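The file final.cif contains mmCIF, C-alpha atoms:
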data_target
#
loop_
_atom_site.label_atom_id
_atom_site.label_comp_id
_atom_site.auth_asym_id
_atom_site.auth_seq_id
_atom_site.Cartn_x
_atom_site.Cartn_y
_atom_site.Cartn_z
CA MET A 1 -7.13 25.85 -11.59
CA LEU A 2 -5.40 25.57 -8.25
CA THR A 3 -5.19 28.66 -6.04
CA THR A 4 -3.90 29.38 -2.53
CA ARG A 5 -7.48 29.37 -1.22
CA PHE A 6 -6.70 25.90 0.11
CA VAL A 7 -9.56 23.74 1.36
CA THR A 8 -9.66 20.26 2.84
CA GLY A 9 -8.82 17.70 0.17
CA ALA A 10 -7.09 20.12 -2.21
CA PRO A 11 -3.34 20.13 -2.92
CA ASN A 12 -1.56 22.58 -0.62
CA TRP A 13 2.07 21.51 -1.01
CA VAL A 14 4.45 19.83 -3.42
CA ASP A 15 8.05 18.80 -2.91
CA LEU A 16 10.93 17.32 -4.84
CA GLY A 17 13.21 14.45 -3.86
CA MET A 18 16.58 15.25 -5.45
CA ARG A 19 19.65 13.13 -5.99
CA ASP A 20 21.90 16.10 -6.83
CA VAL A 21 20.67 19.24 -5.06
CA ASP A 22 22.97 21.67 -6.87
CA ARG A 23 22.08 20.29 -10.31
CA ALA A 24 18.35 20.30 -9.59
CA THR A 25 18.49 23.79 -8.14
CA ALA A 26 20.30 25.12 -11.21
CA PHE A 27 17.74 23.43 -13.48
CA TYR A 28 14.66 24.88 -11.78
CA ARG A 29 16.31 28.29 -11.38
CA GLY A 30 16.93 28.37 -15.10
CA LEU A 31 13.46 27.07 -15.94
CA PHE A 32 11.19 28.88 -13.45
CA GLY A 33 13.45 31.42 -11.73
CA TRP A 34 13.35 29.54 -8.43
CA ASP A 35 15.95 29.80 -5.67
CA LEU A 36 16.38 27.13 -2.99
CA GLU A 37 16.58 28.36 0.61
CA SER A 38 17.20 26.21 3.68
CA ALA A 39 14.22 25.68 5.96
CA GLY A 40 16.56 26.07 8.93
CA PRO A 41 19.14 24.14 10.96
CA ASP A 42 16.52 21.77 12.39
CA SER A 43 14.97 20.89 9.02
CA GLY A 44 17.16 17.90 8.20
CA GLY A 45 18.35 19.44 4.95
CA TYR A 46 14.87 20.38 3.74
CA GLY A 47 14.56 23.59 1.76
CA PHE A 48 12.03 25.88 0.12
CA PHE A 49 12.02 26.77 -3.56
CA ARG A 50 11.10 30.45 -3.79
CA LEU A 51 10.11 32.76 -6.61
CA ALA A 52 10.41 36.47 -5.83
CA GLY A 53 10.47 35.58 -2.14
CA LYS A 54 7.36 33.38 -2.22
CA THR A 55 7.41 29.62 -1.68
CA THR A 56 6.49 27.54 -4.71
CA ALA A 57 7.65 24.10 -3.54
CA GLY A 58 9.83 22.23 -1.09
CA GLY A 59 12.73 19.90 -1.69
CA MET A 60 15.55 17.87 -0.22
CA ARG A 61 18.18 15.32 -1.14
CA THR A 62 16.98 11.72 -1.10
CA THR A 63 18.95 8.48 -1.20
CA PRO A 64 18.54 5.57 -3.62
CA GLU A 65 16.96 3.60 -0.75
CA GLN A 66 14.17 6.19 -0.65
CA GLY A 67 13.33 5.62 -4.30
CA PRO A 68 14.04 7.51 -7.51
CA PRO A 69 13.97 11.33 -7.64
CA SER A 70 10.36 12.45 -7.90
CA TRP A 71 7.77 15.08 -7.10
CA THR A 72 5.27 14.38 -4.30
CA VAL A 73 1.89 16.12 -4.14
CA TYR A 74 0.42 16.81 -0.68
CA PHE A 75 -3.26 17.29 0.06
CA GLN A 76 -4.73 19.35 2.88
CA SER A 77 -6.15 17.44 5.83
CA SER A 78 -7.79 18.72 8.98
CA ASP A 79 -6.61 15.58 10.81
CA ALA A 80 -3.59 13.76 9.37
CA ASP A 81 -4.01 10.81 11.74
CA ALA A 82 -7.63 10.25 10.75
CA THR A 83 -6.74 10.58 7.05
CA ALA A 84 -3.98 7.97 7.38
CA GLN A 85 -6.40 5.60 9.10
CA ALA A 86 -8.98 6.19 6.36
CA ALA A 87 -6.37 5.36 3.71
CA GLU A 88 -5.64 2.02 5.37
CA ARG A 89 -9.33 1.20 5.65
CA ALA A 90 -9.73 1.98 1.94
CA GLY A 91 -6.97 -0.46 0.94
CA GLY A 92 -4.06 1.97 0.83
CA LYS A 93 -0.86 2.03 2.87
CA VAL A 94 0.82 4.38 5.32
CA LEU A 95 4.39 4.78 4.04
CA MET A 96 5.34 7.43 6.62
CA PRO A 97 3.12 7.71 9.71
CA PRO A 98 1.77 11.13 10.72
CA ASP A 99 4.38 13.22 12.47
CA ASP A 100 4.76 16.83 13.57
CA VAL A 101 7.10 19.03 11.55
CA MET A 102 8.26 21.43 14.26
CA ASP A 103 5.46 24.01 14.65
CA LYS A 104 4.73 24.06 10.92
CA GLY A 105 2.14 21.29 10.68
CA ARG A 106 1.64 17.54 10.70
CA MET A 107 2.41 15.35 7.71
CA ALA A 108 2.13 11.79 6.47
CA VAL A 109 3.06 9.97 3.29
CA LEU A 110 0.52 7.46 2.00
CA ALA A 111 -0.09 5.20 -0.99
CA ASP A 112 -3.42 4.54 -2.68
CA ARG A 113 -4.73 1.10 -3.70
CA ALA A 114 -2.68 1.18 -6.91
CA GLY A 115 0.51 2.03 -5.02
CA VAL A 116 0.55 5.72 -5.97
CA THR A 117 2.42 7.82 -3.40
CA PHE A 118 0.93 11.05 -2.09
CA GLY A 119 1.31 13.23 0.97
CA ILE A 120 -0.97 14.75 3.59
CA TRP A 121 -0.33 18.14 5.16
CA GLN A 122 -2.28 19.29 8.22
CA PRO A 123 -1.43 22.99 8.45
CA ALA A 124 -0.33 24.79 11.59
CA ALA A 125 2.18 27.66 11.30
CA LEU A 126 2.75 26.77 7.63
CA ARG A 127 -0.55 26.82 5.77
CA GLY A 128 0.80 25.77 2.39
CA LEU A 129 2.40 27.18 -0.74
CA ASP A 130 2.62 30.95 -1.11
CA LEU A 131 1.95 30.78 -4.86
CA ALA A 132 -0.37 28.56 -6.88
CA GLY A 133 -1.81 29.11 -10.33
CA ASP A 134 0.64 31.89 -11.21
CA PRO A 135 3.52 31.47 -13.69
CA GLY A 136 6.27 29.43 -12.07
CA SER A 137 3.98 27.75 -9.55
CA LEU A 138 1.80 24.66 -9.18
CA CYS A 139 -1.43 25.03 -11.14
CA TRP A 140 -2.85 21.51 -11.66
CA VAL A 141 -2.27 17.90 -10.61
CA GLU A 142 -3.12 14.78 -12.56
CA LEU A 143 -3.48 11.20 -11.37
CA HIS A 144 -2.37 8.53 -13.82
CA THR A 145 -3.95 5.30 -12.63
CA PRO A 146 -4.89 1.88 -13.99
CA ASP A 147 -8.47 2.09 -12.69
CA ILE A 148 -10.33 5.41 -12.61
CA ALA A 149 -13.38 4.04 -10.75
CA ALA A 150 -11.26 2.42 -8.03
CA ALA A 151 -9.14 5.55 -7.65
CA ALA A 152 -12.24 7.77 -7.46
CA ALA A 153 -13.70 5.59 -4.71
CA PHE A 154 -10.42 5.61 -2.76
CA TYR A 155 -9.86 9.36 -2.85
CA HIS A 156 -13.50 10.06 -2.10
CA SER A 157 -13.36 7.99 1.07
CA VAL A 158 -9.95 9.31 2.14
CA LEU A 159 -9.97 12.97 1.03
CA GLY A 160 -13.61 13.59 0.16
CA LEU A 161 -12.77 14.20 -3.50
CA GLU A 162 -15.52 14.33 -6.08
CA THR A 163 -15.33 13.61 -9.79
CA SER A 164 -17.02 15.09 -12.82
CA ALA A 165 -16.80 14.29 -16.53
CA MET A 166 -15.61 16.91 -18.99
CA PRO A 167 -15.81 16.45 -22.78
CA PHE A 168 -12.31 16.25 -24.17
CA PRO A 169 -10.88 15.85 -27.68
CA GLY A 170 -11.09 12.13 -28.31
CA GLY A 171 -13.08 11.29 -25.20
CA THR A 172 -13.91 12.38 -21.66
CA TYR A 173 -11.62 13.76 -18.96
CA THR A 174 -12.27 12.97 -15.29
CA CYS A 175 -11.96 16.16 -13.24
CA LEU A 176 -11.29 16.23 -9.49
CA ASN A 177 -12.46 18.68 -6.87
CA PRO A 178 -12.80 18.68 -3.08
CA SER A 179 -16.31 18.38 -1.68
CA GLU A 180 -15.67 21.67 0.12
CA GLY A 181 -15.88 24.33 -2.58
CA GLY A 182 -17.48 22.11 -5.22
CA GLU A 183 -16.48 22.23 -8.87
CA ASP A 184 -15.37 25.86 -8.47
CA ALA A 185 -12.45 24.42 -6.48
CA MET A 186 -11.44 21.97 -9.23
CA PHE A 187 -7.70 21.34 -9.05
CA GLY A 188 -6.89 18.33 -11.20
CA GLY A 189 -7.91 15.28 -13.12
CA ALA A 190 -7.44 11.54 -13.52
CA VAL A 191 -6.33 9.67 -16.62
CA PRO A 192 -6.36 5.90 -17.26
CA LEU A 193 -2.88 4.58 -17.92
CA ALA A 194 -4.16 2.72 -20.96
CA ASP A 195 -5.17 6.03 -22.58
CA ASP A 196 -1.77 7.74 -22.25
CA PRO A 197 1.26 5.97 -23.76
CA THR A 198 3.55 8.71 -22.37
CA GLU A 199 2.81 7.51 -18.83
CA PRO A 200 3.80 3.87 -18.23
CA GLU A 201 3.41 4.07 -14.45
CA ALA A 202 0.78 5.19 -11.95
CA TYR A 203 1.59 8.43 -10.12
CA TRP A 204 0.52 12.00 -9.40
CA LEU A 205 1.90 14.41 -12.02
CA PRO A 206 2.29 18.08 -10.98
CA TYR A 207 1.74 20.81 -13.57
CA PHE A 208 3.44 24.19 -13.25
CA ALA A 209 2.04 27.30 -14.92
CA VAL A 210 4.20 29.04 -17.52
CA THR A 211 3.64 31.91 -19.92
CA ASP A 212 5.16 30.13 -22.94
CA ALA A 213 5.22 26.31 -22.94
CA ASP A 214 7.28 26.13 -26.14
CA ALA A 215 10.02 28.35 -24.74
CA VAL A 216 10.10 26.33 -21.51
CA VAL A 217 10.45 23.07 -23.45
CA THR A 218 13.42 24.48 -25.36
CA ARG A 219 15.00 25.78 -22.17
CA ALA A 220 14.50 22.47 -20.36
CA GLY A 221 16.52 20.68 -23.02
CA GLU A 222 19.28 23.27 -22.79
CA LEU A 223 19.43 22.78 -19.01
CA GLY A 224 19.79 19.01 -19.18
CA GLY A 225 16.16 17.98 -18.82
CA THR A 226 14.22 15.56 -21.01
CA VAL A 227 11.15 16.31 -23.11
CA ARG A 228 8.72 13.42 -22.59
CA MET A 229 5.92 15.06 -24.57
CA PRO A 230 6.49 18.19 -26.68
CA ALA A 231 4.35 21.27 -26.30
CA THR A 232 0.85 20.38 -27.48
CA SER A 233 -2.28 22.50 -27.76
CA VAL A 234 -5.43 21.18 -26.08
CA GLU A 235 -8.66 22.93 -27.02
CA GLY A 236 -10.20 24.80 -24.13
CA VAL A 237 -7.18 24.19 -21.90
CA GLY A 238 -4.03 25.72 -23.36
CA ARG A 239 -0.66 24.40 -24.35
CA LEU A 240 1.06 21.74 -22.26
CA ALA A 241 4.23 19.66 -22.26
CA LYS A 242 5.61 16.83 -20.14
CA LEU A 243 9.23 17.01 -18.99
CA SER A 244 11.68 15.47 -16.58
CA ASP A 245 14.52 17.19 -14.78
CA PRO A 246 18.17 16.04 -14.99
CA ASP A 247 17.60 13.58 -12.12
CA GLY A 248 14.58 12.07 -13.90
CA ALA A 249 11.77 13.58 -11.79
CA HIS A 250 8.65 13.96 -13.95
CA PHE A 251 6.52 17.12 -14.14
CA ALA A 252 4.48 19.04 -16.68
CA VAL A 253 4.02 22.66 -17.69
CA LEU A 254 0.89 24.42 -18.83
CA SER A 255 0.33 27.71 -20.61
CA ASN A 256 -3.22 29.00 -20.85
CA THR A 257 -2.43 31.08 -23.91
CA PRO A 258 -1.38 29.86 -27.38
CA PRO A 259 2.10 30.73 -28.66
CA GLN A 260 2.45 33.97 -30.55
CA PRO A 261 2.88 33.63 -34.35
#
Structure rendered as structure tokens:
Amino acid sequence: MLTTRFVTGAPNWVDLGMRDVDRATAFYRGLFGWDLESAGPDSGGYGFFRLAGKTTAGGMRTTPEQGPPSWTVYFQSSDADATAQAAERAGGKVLMPPDDVMDKGRMAVLADRAGVTFGIWQPAALRGLDLAGDPGSLCWVELHTPDIAAAAAFYHSVLGLETSAMPFPGGTYTCLNPSEGGEDAMFGGAVPLADDPTEPEAYWLPYFAVTDADAVVTRAGELGGTVRMPATSVEGVGRLAKLSDPDGAHFAVLSNTPPQP
């Protein structure tokens, strides 16, 4: 699972594009206990979601011209410019060229060969999330893609990611880890679109850790969210569910422990 021992190629940030900031903030406060705090007067409206004073995600209002509300996963890079160039060489696109974010770091927004959006964060004053793997924080990311082999080749050349096969009920799951840290630094997986009818489009899906997936699913519905896949037990993994917030941004939750009888 993901931790804050960030290494090159691993996710180190996640942020939310919101249509209605107040509605989204109320939803995630009710679901995870997050509060949204401004990143400062020079941040362009960007804010930090915090849990007990620790940053769990970022977020800001986005316009229809910027696309639908969604979560974006960022991966650590030691050189954002070089990573953007590598993405273009590998058949991807640079959607937002590398740029400095005050003294915090350098970022870029890219797309892979299948058009999946992802971000790059080159840390400076801001290393990354304060929490990862704990309840209420990012714990796993999953790439839904039409071509696993093509995606694996792309992310290996751009981020140095490695893949491994894990036996899974009904088949095999493709796990992802950065070359630095090996399989002990595993942070996510990749799933063919054809194998998952709940995911009609290619994208990176963030998972947030929770203590009780069933209770979170119930609460999400009460708060105006949508249950895209009800809480389901997966042997050797835990209990997971796929949700969307009131603006339609997709995410998932994962509990490592089964529900109490």
Open item on the list: Please report the interatomic distance between CA of Val14 (chain A) and CA of Thr172 (chain A) in Å with one decimal.
Closed with: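 It comes out at 26.9 Å.
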TODO: Give me, please, the distance in Å between CA of Leu176 (chain A) and CA of Ala231 (chain A), quoted to one decimal.
DONE: 23.5 Å
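We find CA of Pro97 (chain A) and CA of Phe118 (chain A) to be spaced 12.5 Å apart.
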Task: Non-local contacts of Pro64 (chain A) (12 Å; all atoms listed in the file; under 2 positions in same chain excluded) as a PyMOL selection string - done: chain A and resi 17-20+61-62+66-70+247
TODO: Run the PyMOL selection byres ((chain A and resi 131) around 10) against the file shown and list the residues it catches, as a ChimeraX atom specification.
DONE: /A:2-4,12,50-51,54-57,128-130,132-139
Go through region 174-207 of chain A and flag each residue having an atom no more than 8 Å from region 104-117 of chain A; for those, report the closest pair of atoms plus their distance in Å to one decimal, using only C-alpha atoms, ordered by chain and rising number, as a tab-separated table.
residue	atom	partner	partner_atom	distance
A:Ala202	CA	A:Val116	CA	6.0
A:Tyr203	CA	A:Val116	CA	5.1
A:Trp204	CA	A:Val116	CA	7.2
- [ ] Identify which of the residues A:Gly9, A:Gly33, A:Gly59, A:Gly53 lies closest to Gly181 (chain A), counting only C-alpha atoms when measuring atom-to-atom distances.
- [x]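 Nearest to Gly181 (chain A): A:Gly9.
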Open item on the list: With distances taken over only C-alpha atoms, which residue among A:Ala215, A:Ala84, A:Val141, A:Val237 lies nearest Trp13 (chain A)?
Closed with: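 Checking each of A:Ala215, A:Ala84, A:Val141, A:Val237 against Trp13 (chain A), counting only C-alpha atoms, the winner is A:Val141.
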TODO: Kindly provide, as a PyMOL selection string, the polymer residues lying within 9 Å of (20.8, 15.4, -12.3), counting all atoms listed in the file and using the coordinates exactly as they appear in the file.
DONE: chain A and resi 18-24+27+224-225+245-248
- [ ] Can you turn the PyMOL selection byres ((chain A and resi 168) around 12) into a concrete residue list for this file, as a PyMOL selection string?
- [x] chain A and resi 165-167+169-175+189+191+234-237
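Minimum distance to Leu161 (chain A) across A:Glu180, A:Glu88, A:Asp147, A:Glu222 (counting only C-alpha atoms) occurs at A:Glu180.
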Open item on the list: Residues near Leu223 (chain A), anyone? I mean within 12 Å using only C-alpha atoms, not counting same-chain ones fewer than 2 positions away, as a ChimeraX atom specification.
Closed with: /A:23-32,216-221,225-227,243-247
Open item on the list: At a cut-off of 8 Å, using only C-alpha atoms, what residues contact Gly45 (chain A)? Leave out same-chain residues fewer than 6 positions from it and give the result as a PyMOL selection string.
Closed with: chain A and resi 38-39+60-61
Task: Nearest to Ala150 (chain A) by atom-to-atom distance, counting only C-alpha atoms, from A:Ser78, A:Gly91, A:Leu254, A:Ser233 - done: A:Gly91
Open item on the list: Here is a test: counting only C-alpha atoms, which residue of A:Ala90, A:Ile120, A:Ile148, A:Ala82 is nearest to Ala10 (chain A)?
Closed with: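 Going through A:Ala90, A:Ile120, A:Ile148, A:Ala82 one by one, the smallest distance to Ala10 (chain A) is for A:Ile120.
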